[in-house]
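Scroll down for the structure; my scribbles are underneath it.
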Amino acid sequence: MKFTDGFWLMRDGVHASYATEVRDLHVSDDHVTAYAAVKHVAARGDTLNSPLITVECFSPAEGVIGVRFTHHAGKAQHGPDFQLPGADTSTAARTRREGTVTELASGPLTLRLDTSKPWGLEFLDTDGRSLTTVDRKGTAFATTADGAHHMIAQLSLAVGEQIYGLGERFTPYVKNGQSVDIWQSDGGTSSEQSYKNIPFYLSSRGYGVFVNHPGKVSFELGTESVGQVQFSVEDQSLEYYIVAGPTPKDVLRRYTALTGRPALPPAWSFGLWLTTSFCTTYDEKTVTSFVDGMAERDIPLSVFHFDCFWMREYQWSDFQWDPEAFPDPRGMLARLKERGLRVSMWINPYIAQKSTLFTEGAAGGFLVKRPNGDIWQWDLWQPGMALVDFTNPRACEWFAGKLRVLLDQGADCFKTDFGERIPIDVVWHDGSDPERMHNYYTHLYNRTVFDLLEKERGAGEAVLFARSATAGGQQYPVHWGGDCFASFTAMAESLRGGLSLSLSGFGFWSHDIGGFEGTPDPEVFKRWLAFGLLSSHSRLHGNVSYRVPWEFGEEAVAVARQFTLLKHRLMPYLYGAAVEAHATGVPVMRPMLLEFPGDPACRPLDRQYMLGPDLLVAPVFTADGEVEYYVPEGEWTHLLTGETVTGPVWRTEVHGFDSLPLLVRPGALLPWGADDQRPDGDWLDGLTLRVFAPGDVYEAAVTVPDLTGAVAAEFHAVREGAELRVTARGTERPYRVEAGGGAAEGTGKVTVPLR
């Protein structure tokens, strides 16, 4: 939201007050409170008839400094508030005063306030380098013509500084020059709206900013004042946190430690998912034909998903199978399980009026109401649709109970669709502020379902396929990119959204292979297959047409088979990256910026990414196979061909449908599985360690996890002259090492001659 009319004027009806000078300062061991006047006080009379802004500075966690500034503190607080599981006010924050300068330090981050100068704050890293500043208009409140009261913050942008994140956004990857409202919307991937709005951004200068407000936050990223990131809320108080680096990975580690780390999805969820699609015609015969078709074509399938029409029309959700299409659901699911498949089922948090659950939910007080006591309803999506009130613990139990029946029938996980278009003209059971609940609703919805899965299936077996999220939603993976068109343009915008989400604390992400809306050309489908199967999670799904590969020709079948088998062989490596995401918050799919923050060429790249720490993936967004991508410094090796490329260099190549730029990082020690038929096999059985471009001085280590994420084996490799020596710990099983044109196998210690 903008308040000014250029540099000199305010917009019509806007009256703003800016913190100008400190009139009083209270400093404790770990807390600073400043009282800032909104005008220069030259005489006692200037203290009358004029506001003060109260500014509190504190540290909620190591390496994080919070700033909360308030105009009128008496406003009632109805919630909800972000849950911050990593908040710890007992961290080693400390204050220091010397003359007019007061500092608050937490880990490598320091806030500095000089009361002899006009109002301002400065944030410095451990070397004393200024990261960002609050300048003369950086702490303010304003009223607008409609009587609304806004709190406004600004943080300076350095020359060349680039901003990323703010959730899954399909607009340009670098957010400078954009106006962004943190407001959940069901807008697809081709608009500025977002299903996953996260009030957190990451800076190329090695810090992050989290606005601790679950309602609407309006960001102006160099658009109101070109040298400032501005964010505002309609409230009486605004709280934000500066999150220290120095590297982007460090920022994400601290941010996810504060807001919650991703759960570790089960290994089976990393295999290929196939769905019924949405508005297609399907019954048990259709499902069986799809599963048979995949098996006949030697394409391993891990999960089968039933989309919306597993239920009867007009009554989503009643969680009852359509008896005409699926007369024996329990038997059908048992037959799928006998074939080694897991089962996913579509749900949403809405109850249509025709559903038998509408009367039940209304009688129990489980549905959201209007201020006059009526149940809130509309006809968009489902006729007479109501919303489950997840602020009511009994409603959560009721909703979870309906899903438990499906789990008992054989379902393994749920696609938690929707949760974005949440009205604000309502009353919540717990008295929550409707404006704040609009974004937060999805968190309660996904948490309810995820908690049920953990309870019924056990920790490490719960997984969602969720569309909407807010800050903290990364704890309940997996999330997918929503409704995209079946085109190369939509394929690229989907990747942009996923990369933005990964820089917002989310460790796992997927998308609809081939696109959702419409039917893709075979060229689009085949290119998207390679991209999709080199994502953390891989799902074939569409709207009005099926996504079984043979619908797009025999070459599509071959491509689907090739990249599914490849992903399975990469699982010892990919699940290691998943364990890292779970433990540290560093995502599986990583923007180039994360792995190469010191390379300026990597900062704007949005058509390629790192899959884990060592694989560079550049999807092909053209029918003719031409692709342009950047290779950072060093000797990289194409995983599919063995060709080497020396960077830094820009490359333009042409790839067939069975290929794409898939380069292995110099010095990588890549664990390579023998089982290409399933994602959750025994990764130590027939394991090969592939060493790429070991230099004259070389040392590396890699951990292979087991299916629970625990360490199954650790391997340490070191070059000694013309030999590479590898030592295994935690296993006595044989393994093979390939390096520098040589190979050897054995147990314990293995030595490979380098050619």
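Chains: A, B, ... in order of the structure tokens. Residues: from 1 per chain. Ligands: from 1, in order shown.
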What's the 12 Å shell around A:Leu221, counting only C-alpha atoms, without same-chain residues fewer than 6 positions away, as an NGL selection string? :A and (1-2 or 153-157 or 161-166 or 174-181 or 201 or 203 or 227-232)
Could you save those same residues with N, CA and C atoms as a short mmCIF file (atom, residue, chain, number, x, y, z; two decimals), in the first residue's frame?
data_model
loop_
_atom_site.label_atom_id
_atom_site.label_comp_id
_atom_site.auth_asym_id
_atom_site.auth_seq_id
_atom_site.Cartn_x
_atom_site.Cartn_y
_atom_site.Cartn_z
N MET A 1 0.85 -1.19 0.00
CA MET A 1 0.00 0.00 0.00
C MET A 1 0.89 1.24 0.00
N LYS A 2 0.56 2.18 -0.83
CA LYS A 2 1.32 3.42 -0.92
C LYS A 2 0.59 4.54 -0.19
N ALA A 153 6.63 0.52 8.30
CA ALA A 153 8.07 0.36 8.52
C ALA A 153 8.79 0.42 7.19
N GLN A 154 10.00 0.94 7.23
CA GLN A 154 10.86 0.93 6.05
C GLN A 154 12.26 0.48 6.46
N LEU A 155 12.88 -0.36 5.61
CA LEU A 155 14.26 -0.78 5.77
C LEU A 155 15.00 -0.47 4.48
N SER A 156 16.19 0.08 4.61
CA SER A 156 16.92 0.57 3.45
C SER A 156 17.40 -0.56 2.55
N LEU A 157 17.47 -0.26 1.27
CA LEU A 157 18.07 -1.14 0.27
C LEU A 157 19.42 -0.58 -0.14
N GLU A 161 21.33 -4.40 -4.05
CA GLU A 161 20.70 -5.40 -3.18
C GLU A 161 19.46 -5.98 -3.84
N GLN A 162 19.31 -7.28 -3.74
CA GLN A 162 18.16 -7.97 -4.34
C GLN A 162 17.36 -8.69 -3.26
N ILE A 163 16.03 -8.72 -3.46
CA ILE A 163 15.10 -9.25 -2.47
C ILE A 163 14.37 -10.44 -3.08
N TYR A 164 14.18 -11.50 -2.25
CA TYR A 164 13.56 -12.74 -2.69
C TYR A 164 12.53 -13.21 -1.65
N GLY A 165 11.68 -14.14 -2.09
CA GLY A 165 10.80 -14.80 -1.14
C GLY A 165 9.38 -14.27 -1.16
N LEU A 166 8.83 -14.05 0.05
CA LEU A 166 7.45 -13.60 0.26
C LEU A 166 6.44 -14.66 -0.15
N VAL A 174 13.17 -12.06 -8.61
CA VAL A 174 13.72 -10.97 -7.80
C VAL A 174 12.59 -9.98 -7.57
N LYS A 175 12.30 -9.68 -6.30
CA LYS A 175 11.09 -8.96 -5.96
C LYS A 175 11.23 -7.44 -6.00
N ASN A 176 12.43 -6.94 -6.21
CA ASN A 176 12.59 -5.48 -6.31
C ASN A 176 11.65 -4.92 -7.37
N GLY A 177 11.01 -3.80 -7.05
CA GLY A 177 10.11 -3.16 -8.00
C GLY A 177 8.69 -3.68 -7.99
N GLN A 178 8.36 -4.56 -7.04
CA GLN A 178 7.02 -5.13 -6.99
C GLN A 178 6.27 -4.64 -5.75
N SER A 179 4.96 -4.56 -5.89
CA SER A 179 4.05 -4.34 -4.76
C SER A 179 3.41 -5.68 -4.45
N VAL A 180 3.53 -6.12 -3.22
CA VAL A 180 3.07 -7.46 -2.85
C VAL A 180 2.18 -7.36 -1.62
N ASP A 181 0.97 -7.89 -1.74
CA ASP A 181 0.08 -8.00 -0.59
C ASP A 181 0.09 -9.43 -0.09
N TYR A 201 11.08 -12.13 3.77
CA TYR A 201 11.92 -12.00 2.58
C TYR A 201 13.37 -12.17 2.95
N SER A 203 17.39 -11.27 1.73
CA SER A 203 18.18 -10.29 0.99
C SER A 203 19.48 -10.90 0.50
N GLY A 227 14.58 3.35 -2.68
CA GLY A 227 15.70 2.85 -1.90
C GLY A 227 15.28 2.16 -0.61
N GLN A 228 14.00 1.79 -0.49
CA GLN A 228 13.49 1.21 0.74
C GLN A 228 12.58 0.02 0.44
N VAL A 229 12.61 -0.97 1.33
CA VAL A 229 11.54 -1.95 1.41
C VAL A 229 10.57 -1.45 2.47
N GLN A 230 9.34 -1.23 2.08
CA GLN A 230 8.32 -0.75 3.01
C GLN A 230 7.30 -1.86 3.25
N PHE A 231 6.86 -2.00 4.49
CA PHE A 231 5.76 -2.92 4.79
C PHE A 231 4.86 -2.26 5.82
N SER A 232 3.57 -2.51 5.67
CA SER A 232 2.59 -1.85 6.54
C SER A 232 1.46 -2.79 6.85
#
Please provide as a PyMOL selection string all residues within 6 Å of A:Thr747, with the sequence filter that same-chain residues fewer than 5 positions apart are discarded (counting only C-alpha atoms). chain A and resi 732-734
Check the DSSP output for the backbone and give back, as a ChimeraX atom specification, the residues of stretch 162-378 of chain A in alpha helix (DSSP H). /A:248-259,284-296,329-338,356-364
I need the strand (DSSP E or B) residues of stretch 559-753 of chain A per DSSP on the backbone, written as a ChimeraX atom specification. /A:589-590,609-611,615-617,626-638,644-654,662-664,669-672,688-691,699-705,711-720,723-729,735-739,742-746,749-753
Name all residues at most 9 Å from A:His568 (count only C-alpha atoms; drop same-chain ones fewer than 4 positions away) and give them as an MDAnalysis selection string. chainID A and resid 270:271 563:564 572 673:681
Between A:Arg736, A:Lys249, A:Arg342, A:Arg370, which is the closest to A:Thr275 once you count only C-alpha atoms? A:Arg342
Rank A:Ala43, A:Cys279, A:Ala16, A:Leu406 by their smallest atom-to-atom distance to A:Met151, using only C-alpha atoms, and report the top residue only.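 Selected residue with least distance to A:Met151: A:Ala16.
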Please list as a PyMOL selection string every residue within 6 Å of stretch 315-327 of chain A, counting only C-alpha atoms and excluding residues in the same chain fewer than 5 positions away. chain A and resi 283-284+310+351-352+354-355+357
Computed interatomic separation between atom CA of A:Asp425 and atom CA of A:Leu464 (Å):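 For atom CA of A:Asp425 relative to atom CA of A:Leu464, the distance reads 29.3 Å.
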Interatomic distance (Å, one decimal) between atom CA of A:Asp292 and atom CA of A:Phe309: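 Between atom CA of A:Asp292 and atom CA of A:Phe309 the gap works out to 21.1 Å.
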What is the atom CA of A:Tyr630 to atom CA of A:Arg651 distance in Å?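 We find that atom CA of A:Tyr630 and atom CA of A:Arg651 lie 6.1 Å from each other.
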Which residues come within 10 Å of stretch 62-64 of chain A, counting only C-alpha atoms, excluding same-chain residues fewer than 2 positions away, as an mmCIF file with N, CA, C and O atoms, in the first residue's frame?
data_model
loop_
_atom_site.group_PDB
_atom_site.id
_atom_site.type_symbol
_atom_site.label_atom_id
_atom_site.label_comp_id
_atom_site.auth_asym_id
_atom_site.auth_seq_id
_atom_site.Cartn_x
_atom_site.Cartn_y
_atom_site.Cartn_z
ATOM 1 N N PHE A 58 14.283 -6.371 21.007
ATOM 2 C CA PHE A 58 14.507 -7.575 21.815
ATOM 3 C C PHE A 58 15.012 -8.673 20.895
ATOM 4 O O PHE A 58 15.090 -8.504 19.671
ATOM 5 N N SER A 59 15.333 -9.818 21.469
ATOM 6 C CA SER A 59 15.797 -10.943 20.665
ATOM 7 C C SER A 59 14.970 -12.178 20.993
ATOM 8 O O SER A 59 15.071 -12.707 22.098
ATOM 9 N N PRO A 60 14.154 -12.677 20.038
ATOM 10 C CA PRO A 60 13.367 -13.887 20.300
ATOM 11 C C PRO A 60 14.165 -15.172 20.128
ATOM 12 O O PRO A 60 13.702 -16.237 20.523
ATOM 13 N N GLY A 66 14.221 -8.520 17.189
ATOM 14 C CA GLY A 66 12.864 -8.070 16.920
ATOM 15 C C GLY A 66 12.693 -6.595 17.225
ATOM 16 O O GLY A 66 13.303 -6.053 18.157
ATOM 17 N N GLY A 86 10.468 -21.928 17.939
ATOM 18 C CA GLY A 86 11.872 -21.727 18.265
ATOM 19 C C GLY A 86 12.159 -20.484 19.074
ATOM 20 O O GLY A 86 13.322 -20.171 19.345
ATOM 21 N N ALA A 87 11.109 -19.761 19.482
ATOM 22 C CA ALA A 87 11.338 -18.548 20.268
ATOM 23 C C ALA A 87 11.908 -18.902 21.629
ATOM 24 O O ALA A 87 11.422 -19.808 22.308
ATOM 25 N N ASP A 88 12.927 -18.187 22.033
ATOM 26 C CA ASP A 88 13.593 -18.438 23.310
ATOM 27 C C ASP A 88 14.170 -17.116 23.809
ATOM 28 O O ASP A 88 15.241 -16.693 23.392
ATOM 29 N N THR A 89 13.436 -16.471 24.685
ATOM 30 C CA THR A 89 13.863 -15.160 25.182
ATOM 31 C C THR A 89 15.041 -15.249 26.137
ATOM 32 O O THR A 89 15.574 -14.222 26.551
ATOM 33 N N SER A 90 15.451 -16.476 26.465
ATOM 34 C CA SER A 90 16.619 -16.620 27.348
ATOM 35 C C SER A 90 17.917 -16.687 26.551
ATOM 36 O O SER A 90 18.962 -17.027 27.098
ATOM 37 N N THR A 91 17.844 -16.404 25.240
ATOM 38 C CA THR A 91 19.060 -16.424 24.425
ATOM 39 C C THR A 91 20.043 -15.375 24.922
ATOM 40 O O THR A 91 19.693 -14.473 25.681
ATOM 41 N N ALA A 92 21.264 -15.473 24.428
ATOM 42 C CA ALA A 92 22.343 -14.616 24.943
ATOM 43 C C ALA A 92 22.303 -13.219 24.327
ATOM 44 O O ALA A 92 23.327 -12.686 23.899
ATOM 45 N N ALA A 93 21.124 -12.611 24.279
ATOM 46 C CA ALA A 93 21.046 -11.213 23.849
ATOM 47 C C ALA A 93 21.629 -10.326 24.941
ATOM 48 O O ALA A 93 21.472 -10.605 26.133
ATOM 49 N N ALA A 105 22.801 -6.825 20.999
ATOM 50 C CA ALA A 105 23.464 -7.836 20.174
ATOM 51 C C ALA A 105 22.876 -9.207 20.455
ATOM 52 O O ALA A 105 22.562 -9.552 21.599
ATOM 53 N N SER A 106 22.724 -9.996 19.397
ATOM 54 C CA SER A 106 22.263 -11.388 19.504
ATOM 55 C C SER A 106 23.014 -12.197 18.459
ATOM 56 O O SER A 106 22.823 -11.994 17.258
ATOM 57 N N GLY A 107 23.885 -13.093 18.922
ATOM 58 C CA GLY A 107 24.696 -13.851 17.984
ATOM 59 C C GLY A 107 25.506 -12.911 17.116
ATOM 60 O O GLY A 107 26.144 -11.976 17.617
ATOM 61 N N PRO A 108 25.483 -13.083 15.797
ATOM 62 C CA PRO A 108 26.288 -12.238 14.917
ATOM 63 C C PRO A 108 25.605 -10.933 14.526
ATOM 64 O O PRO A 108 26.120 -10.202 13.674
ATOM 65 N N LEU A 109 24.462 -10.626 15.123
ATOM 66 C CA LEU A 109 23.662 -9.480 14.710
ATOM 67 C C LEU A 109 23.629 -8.428 15.815
ATOM 68 O O LEU A 109 23.453 -8.757 16.993
ATOM 69 N N THR A 110 23.776 -7.166 15.430
ATOM 70 C CA THR A 110 23.741 -6.063 16.391
ATOM 71 C C THR A 110 22.819 -4.965 15.880
ATOM 72 O O THR A 110 22.879 -4.579 14.709
ATOM 73 N N ASP A 125 26.372 -6.666 10.951
ATOM 74 C CA ASP A 125 26.793 -8.052 11.090
ATOM 75 C C ASP A 125 27.972 -8.150 12.046
ATOM 76 O O ASP A 125 28.393 -7.145 12.657
ATOM 77 N N TYR A 207 20.809 -11.308 5.002
ATOM 78 C CA TYR A 207 19.899 -11.217 6.148
ATOM 79 C C TYR A 207 18.483 -11.464 5.642
ATOM 80 O O TYR A 207 18.207 -11.446 4.434
ATOM 81 N N GLY A 208 17.574 -11.714 6.573
ATOM 82 C CA GLY A 208 16.172 -11.883 6.234
ATOM 83 C C GLY A 208 15.318 -10.996 7.113
ATOM 84 O O GLY A 208 15.760 -10.501 8.155
ATOM 85 N N VAL A 209 14.061 -10.800 6.707
ATOM 86 C CA VAL A 209 13.109 -10.007 7.481
ATOM 87 C C VAL A 209 11.792 -10.776 7.546
ATOM 88 O O VAL A 209 11.235 -11.156 6.506
ATOM 89 N N PHE A 210 11.313 -10.994 8.757
ATOM 90 C CA PHE A 210 10.038 -11.666 8.999
ATOM 91 C C PHE A 210 9.109 -10.693 9.701
ATOM 92 O O PHE A 210 9.426 -10.188 10.783
ATOM 93 N N TYR A 241 11.164 -8.977 12.541
ATOM 94 C CA TYR A 241 12.409 -9.562 13.001
ATOM 95 C C TYR A 241 13.450 -9.482 11.887
ATOM 96 O O TYR A 241 13.177 -9.836 10.736
ATOM 97 N N ILE A 242 14.640 -9.033 12.238
ATOM 98 C CA ILE A 242 15.790 -9.122 11.347
ATOM 99 C C ILE A 242 16.504 -10.433 11.677
ATOM 100 O O ILE A 242 16.831 -10.694 12.839
ATOM 101 N N VAL A 243 16.729 -11.254 10.643
ATOM 102 C CA VAL A 243 17.309 -12.585 10.823
ATOM 103 C C VAL A 243 18.710 -12.581 10.219
ATOM 104 O O VAL A 243 18.896 -12.265 9.031
ATOM 105 N N ALA A 244 19.702 -12.949 11.019
ATOM 106 C CA ALA A 244 21.096 -12.874 10.598
ATOM 107 C C ALA A 244 21.477 -14.002 9.665
ATOM 108 O O ALA A 244 20.881 -15.089 9.677
ATOM 109 N N GLY A 245 22.522 -13.771 8.872
ATOM 110 C CA GLY A 245 23.178 -14.757 8.030
ATOM 111 C C GLY A 245 24.434 -15.277 8.731
ATOM 112 O O GLY A 245 24.334 -15.799 9.831
ATOM 113 N N ASP A 250 22.282 -19.720 6.176
ATOM 114 C CA ASP A 250 22.233 -19.385 7.602
ATOM 115 C C ASP A 250 20.936 -18.656 7.939
ATOM 116 O O ASP A 250 20.340 -18.879 8.993
ATOM 117 N N VAL A 251 20.513 -17.764 7.050
ATOM 118 C CA VAL A 251 19.254 -17.051 7.274
ATOM 119 C C VAL A 251 18.101 -18.042 7.352
ATOM 120 O O VAL A 251 17.265 -17.981 8.270
ATOM 121 N N ARG A 254 18.084 -20.058 10.611
ATOM 122 C CA ARG A 254 17.575 -19.320 11.769
ATOM 123 C C ARG A 254 16.072 -19.078 11.654
ATOM 124 O O ARG A 254 15.330 -19.190 12.635
ATOM 125 N N TYR A 255 15.622 -18.730 10.443
ATOM 126 C CA TYR A 255 14.200 -18.447 10.268
ATOM 127 C C TYR A 255 13.348 -19.693 10.534
ATOM 128 O O TYR A 255 12.326 -19.628 11.224
ATOM 129 N N ALA A 257 14.276 -22.334 12.271
ATOM 130 C CA ALA A 257 14.387 -22.696 13.688
ATOM 131 C C ALA A 257 13.353 -21.935 14.506
ATOM 132 O O ALA A 257 12.797 -22.459 15.475
ATOM 133 N N LEU A 258 13.080 -20.693 14.105
ATOM 134 C CA LEU A 258 12.111 -19.863 14.820
ATOM 135 C C LEU A 258 10.679 -20.267 14.500
ATOM 136 O O LEU A 258 9.851 -20.422 15.407
#
When distances are computed from only C-alpha atoms, which of A:Leu380, A:Val287, A:Ile424, A:Val211 shows the smallest separation from A:Phe82?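 Comparing A:Leu380, A:Val287, A:Ile424, A:Val211 against A:Phe82, the winner is A:Val211.
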Nearest residue to A:Lys402 out of A:Thr100, A:Ser538, A:Thr448, A:Gln377, using only C-alpha atoms? A:Thr448
